[in-house]
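Notes for the one structure printed next.
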Amino acid sequence: MNFGMIVSYIIAGMLMIIIITIGYNTNYSGNELTLSENQKKRASEVVKSISYDIPKIGYNLNQVPDTLIRVAADNYIEFYANIDNSADESVELVKWEFTSDSVTATENPNDFTLRRTVGGVITNMNAGVVSFEIRYYNQLGGSSAMPTPISAVSSKSTIDTINQIEIVMVTESPFPLQYSSSSDPRYIQTSWTKRFSPVNLRDN
């Protein structure tokens, strides 16, 4: 076998390795993108519910509740609102809480239940939430969040100064993606942040 043929085989082998590597990377990137899009869809229902509830803090057709926010904590909030816009103007106690209850239906050990309770009716939002933080501000566009927890029972004058609420949520895929047998598995992460200025809090 002459030297030229040896070089040709070496080059052909290198090209084959490059082609296989590119194909593997493309397949991995495709799987990563699919997981990311699926996770965004899972989280979208939570985002939709939060975006419906939080702006309605203190809402009622005619009579605004005396207490708008009952408890303001970094992992849960309780507030009053006529959340279903009922004609009888009945006001419900609404609670959003990031619990320590693990979601056993997924492989992700960091997956915990986000719970929405309206008038005692519980809905568990099992959408891959791994982090959920609520921040409160007493100035529009403020940069320093208020210390929590705050209770309307003991500190109503303080809780009544809240006029903006920011929610920072991080979600992860239900199962991991692993690049190779020698690499660590990785859960695909998405994040969502929004600051709300409910109408009934703006005069606080």
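Following the order of the structure tokens, first chain is A, next is B, and so on, with residues numbered from 1 inside each chain and ligands from 1 in the order they appear.
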
Arg195 in chain A environment, 9 Å, only C-alpha atoms, sequence neighbours closer than 2 positions dropped, as an MDAnalysis selection string = chainID A and resid 135 141 164:168 193 197

Serialized selection, N, CA and C atoms, as an mmCIF file, in the first residue's frame:
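Okay, this is what ended up in result.cif:
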data_model
loop_
_atom_site.group_PDB
_atom_site.id
_atom_site.type_symbol
_atom_site.label_atom_id
_atom_site.label_comp_id
_atom_site.auth_asym_id
_atom_site.auth_seq_id
_atom_site.Cartn_x
_atom_site.Cartn_y
_atom_site.Cartn_z
ATOM 1 N N ARG A 135 -42.011 39.303 44.346
ATOM 2 C CA ARG A 135 -41.405 40.510 44.928
ATOM 3 C C ARG A 135 -42.434 41.632 44.930
ATOM 4 N N GLY A 141 -41.997 51.133 39.430
ATOM 5 C CA GLY A 141 -40.657 51.064 38.856
ATOM 6 C C GLY A 141 -39.558 51.008 39.880
ATOM 7 N N GLN A 164 -46.895 47.457 43.200
ATOM 8 C CA GLN A 164 -46.398 46.628 42.101
ATOM 9 C C GLN A 164 -45.960 45.270 42.627
ATOM 10 N N ILE A 165 -46.208 44.263 41.818
ATOM 11 C CA ILE A 165 -45.857 42.882 42.183
ATOM 12 C C ILE A 165 -45.110 42.259 41.014
ATOM 13 N N GLU A 166 -43.948 41.721 41.317
ATOM 14 C CA GLU A 166 -43.130 41.082 40.282
ATOM 15 C C GLU A 166 -43.041 39.584 40.562
ATOM 16 N N ILE A 167 -43.224 38.802 39.519
ATOM 17 C CA ILE A 167 -43.128 37.346 39.655
ATOM 18 C C ILE A 167 -42.014 36.836 38.754
ATOM 19 N N VAL A 168 -41.136 36.045 39.351
ATOM 20 C CA VAL A 168 -40.014 35.446 38.619
ATOM 21 C C VAL A 168 -40.178 33.927 38.715
ATOM 22 N N THR A 193 -40.474 36.351 33.645
ATOM 23 C CA THR A 193 -40.526 37.416 34.650
ATOM 24 C C THR A 193 -41.502 38.488 34.188
ATOM 25 N N SER A 197 -48.946 45.837 37.754
ATOM 26 C CA SER A 197 -49.421 47.026 38.464
ATOM 27 C C SER A 197 -50.942 46.990 38.520
#

Tell me, as a list in words, which residues lie within 8 Å of Thr148 in chain A, counting only C-alpha atoms; anything in the same chain fewer than 4 positions away does not count.
->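 The filter keeps Ala72, Ala73 and Asp74 of chain A.
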
Skipping near chain neighbours, those fewer than 5 positions away, what residues fall within 9 Å of Gln39 in chain A using only C-alpha atoms, listed as a PyMOL selection string?
-> chain A and resi 34+44+127-128+171-174+188-190

Could you tell me how far CA of Asp53 in chain A lies from CA of Ser191 in chain A, in Å and to one decimal?
->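 Those two atoms sit 19.4 Å apart.
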
List every residue of range 5-175 of chain A that DSSP, applied to the backbone of this structure, assigns to alpha helix (DSSP H), and report them as a ChimeraX atom specification.
-> /A:5-53,152-159

Please provide the set of residues having any atom within 7 Å of Thr113 in chain A, restricted to only C-alpha atoms, with same-chain residues fewer than 2 positions apart removed, written as a ChimeraX atom specification.
-> /A:98-99,101-103,115,124-126,129

Hey, can you spit out that residue selection with C-alpha atoms as a compact mmCIF listing (two decimals), in the first residue's frame?
# COMPACT_ATOMS: atom_id res chain seq x y z
CA PHE A 98 -45.07 27.60 45.51
CA THR A 99 -45.12 24.50 47.68
CA ASP A 101 -44.55 19.13 47.34
CA SER A 102 -42.47 17.21 44.79
CA VAL A 103 -44.12 16.30 41.50
CA ARG A 115 -50.83 25.73 43.79
CA ASN A 124 -52.25 22.15 41.29
CA MET A 125 -50.13 23.59 38.50
CA ASN A 126 -47.67 20.78 37.77
CA VAL A 129 -41.84 24.82 38.14

Please identify which residues in range 36-91 of chain A DSSP calls strand (DSSP E or B) from the backbone, and express them as an MDAnalysis selection string.
-> chainID A and resid 69:72 76:81

How about saving the chosen residues, C-alpha atoms kept, as a PDB file, in the first residue's frame?
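Output file out36.pdb follows:
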ATOM      1  CA  ILE A  69     -53.813  41.740  49.940  1.00  0.00           C
ATOM      2  CA  ARG A  70     -54.070  39.489  52.976  1.00  0.00           C
ATOM      3  CA  VAL A  71     -50.529  38.068  53.001  1.00  0.00           C
ATOM      4  CA  ALA A  72     -47.495  38.963  50.895  1.00  0.00           C
ATOM      5  CA  TYR A  76     -47.019  32.874  48.193  1.00  0.00           C
ATOM      6  CA  ILE A  77     -49.609  35.618  48.033  1.00  0.00           C
ATOM      7  CA  GLU A  78     -53.189  35.795  49.339  1.00  0.00           C
ATOM      8  CA  PHE A  79     -55.563  38.450  48.079  1.00  0.00           C
ATOM      9  CA  TYR A  80     -59.259  39.228  47.721  1.00  0.00           C
ATOM     10  CA  ALA A  81     -61.069  39.690  44.409  1.00  0.00           C
TER      11      ALA A  81
END

Please provide the set of residues having any atom within 12 Å of range 161-163 of chain A, restricted to only C-alpha atoms, with same-chain residues fewer than 6 positions apart removed, written as a PyMOL selection string.
-> chain A and resi 54-55+57-58+67-72+135-142+145-148+150-152+155+195-204

Could those residues be written to a file, using C-alpha atoms, as a PDB file, in the first residue's frame?
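Final output, again-v7.pdb:
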ATOM      1  CA  ILE A  54     -52.813  39.185  39.698  1.00  0.00           C
ATOM      2  CA  PRO A  55     -54.190  42.266  37.835  1.00  0.00           C
ATOM      3  CA  ILE A  57     -56.329  42.017  43.040  1.00  0.00           C
ATOM      4  CA  GLY A  58     -59.048  43.890  44.939  1.00  0.00           C
ATOM      5  CA  THR A  67     -58.338  44.481  52.532  1.00  0.00           C
ATOM      6  CA  LEU A  68     -56.832  43.878  49.094  1.00  0.00           C
ATOM      7  CA  ILE A  69     -53.813  41.740  49.940  1.00  0.00           C
ATOM      8  CA  ARG A  70     -54.070  39.489  52.976  1.00  0.00           C
ATOM      9  CA  VAL A  71     -50.529  38.068  53.001  1.00  0.00           C
ATOM     10  CA  ALA A  72     -47.495  38.963  50.895  1.00  0.00           C
ATOM     11  CA  ARG A 135     -41.405  40.510  44.928  1.00  0.00           C
ATOM     12  CA  TYR A 136     -43.369  43.524  46.135  1.00  0.00           C
ATOM     13  CA  TYR A 137     -42.701  47.216  45.533  1.00  0.00           C
ATOM     14  CA  ASN A 138     -44.180  50.331  47.096  1.00  0.00           C
ATOM     15  CA  GLN A 139     -42.986  52.540  44.231  1.00  0.00           C
ATOM     16  CA  LEU A 140     -43.834  52.213  40.555  1.00  0.00           C
ATOM     17  CA  GLY A 141     -40.657  51.064  38.856  1.00  0.00           C
ATOM     18  CA  GLY A 142     -38.920  50.694  42.199  1.00  0.00           C
ATOM     19  CA  ALA A 145     -38.266  44.982  46.894  1.00  0.00           C
ATOM     20  CA  MET A 146     -40.083  45.223  50.223  1.00  0.00           C
ATOM     21  CA  PRO A 147     -39.075  42.826  53.024  1.00  0.00           C
ATOM     22  CA  THR A 148     -41.435  39.864  53.387  1.00  0.00           C
ATOM     23  CA  ILE A 150     -46.160  41.050  55.339  1.00  0.00           C
ATOM     24  CA  SER A 151     -49.555  40.342  56.883  1.00  0.00           C
ATOM     25  CA  ALA A 152     -52.655  42.533  56.728  1.00  0.00           C
ATOM     26  CA  SER A 155     -49.084  45.278  59.282  1.00  0.00           C
ATOM     27  CA  ARG A 195     -44.064  43.014  36.955  1.00  0.00           C
ATOM     28  CA  PHE A 196     -47.764  43.745  37.470  1.00  0.00           C
ATOM     29  CA  SER A 197     -49.421  47.026  38.464  1.00  0.00           C
ATOM     30  CA  PRO A 198     -52.974  46.044  39.493  1.00  0.00           C
ATOM     31  CA  VAL A 199     -55.413  48.947  39.070  1.00  0.00           C
ATOM     32  CA  ASN A 200     -56.685  48.769  42.655  1.00  0.00           C
ATOM     33  CA  LEU A 201     -53.155  49.011  44.072  1.00  0.00           C
ATOM     34  CA  ARG A 202     -52.096  52.089  42.154  1.00  0.00           C
ATOM     35  CA  ASP A 203     -53.522  54.533  44.671  1.00  0.00           C
ATOM     36  CA  ASN A 204     -51.817  52.729  47.596  1.00  0.00           C
TER      37      ASN A 204
END
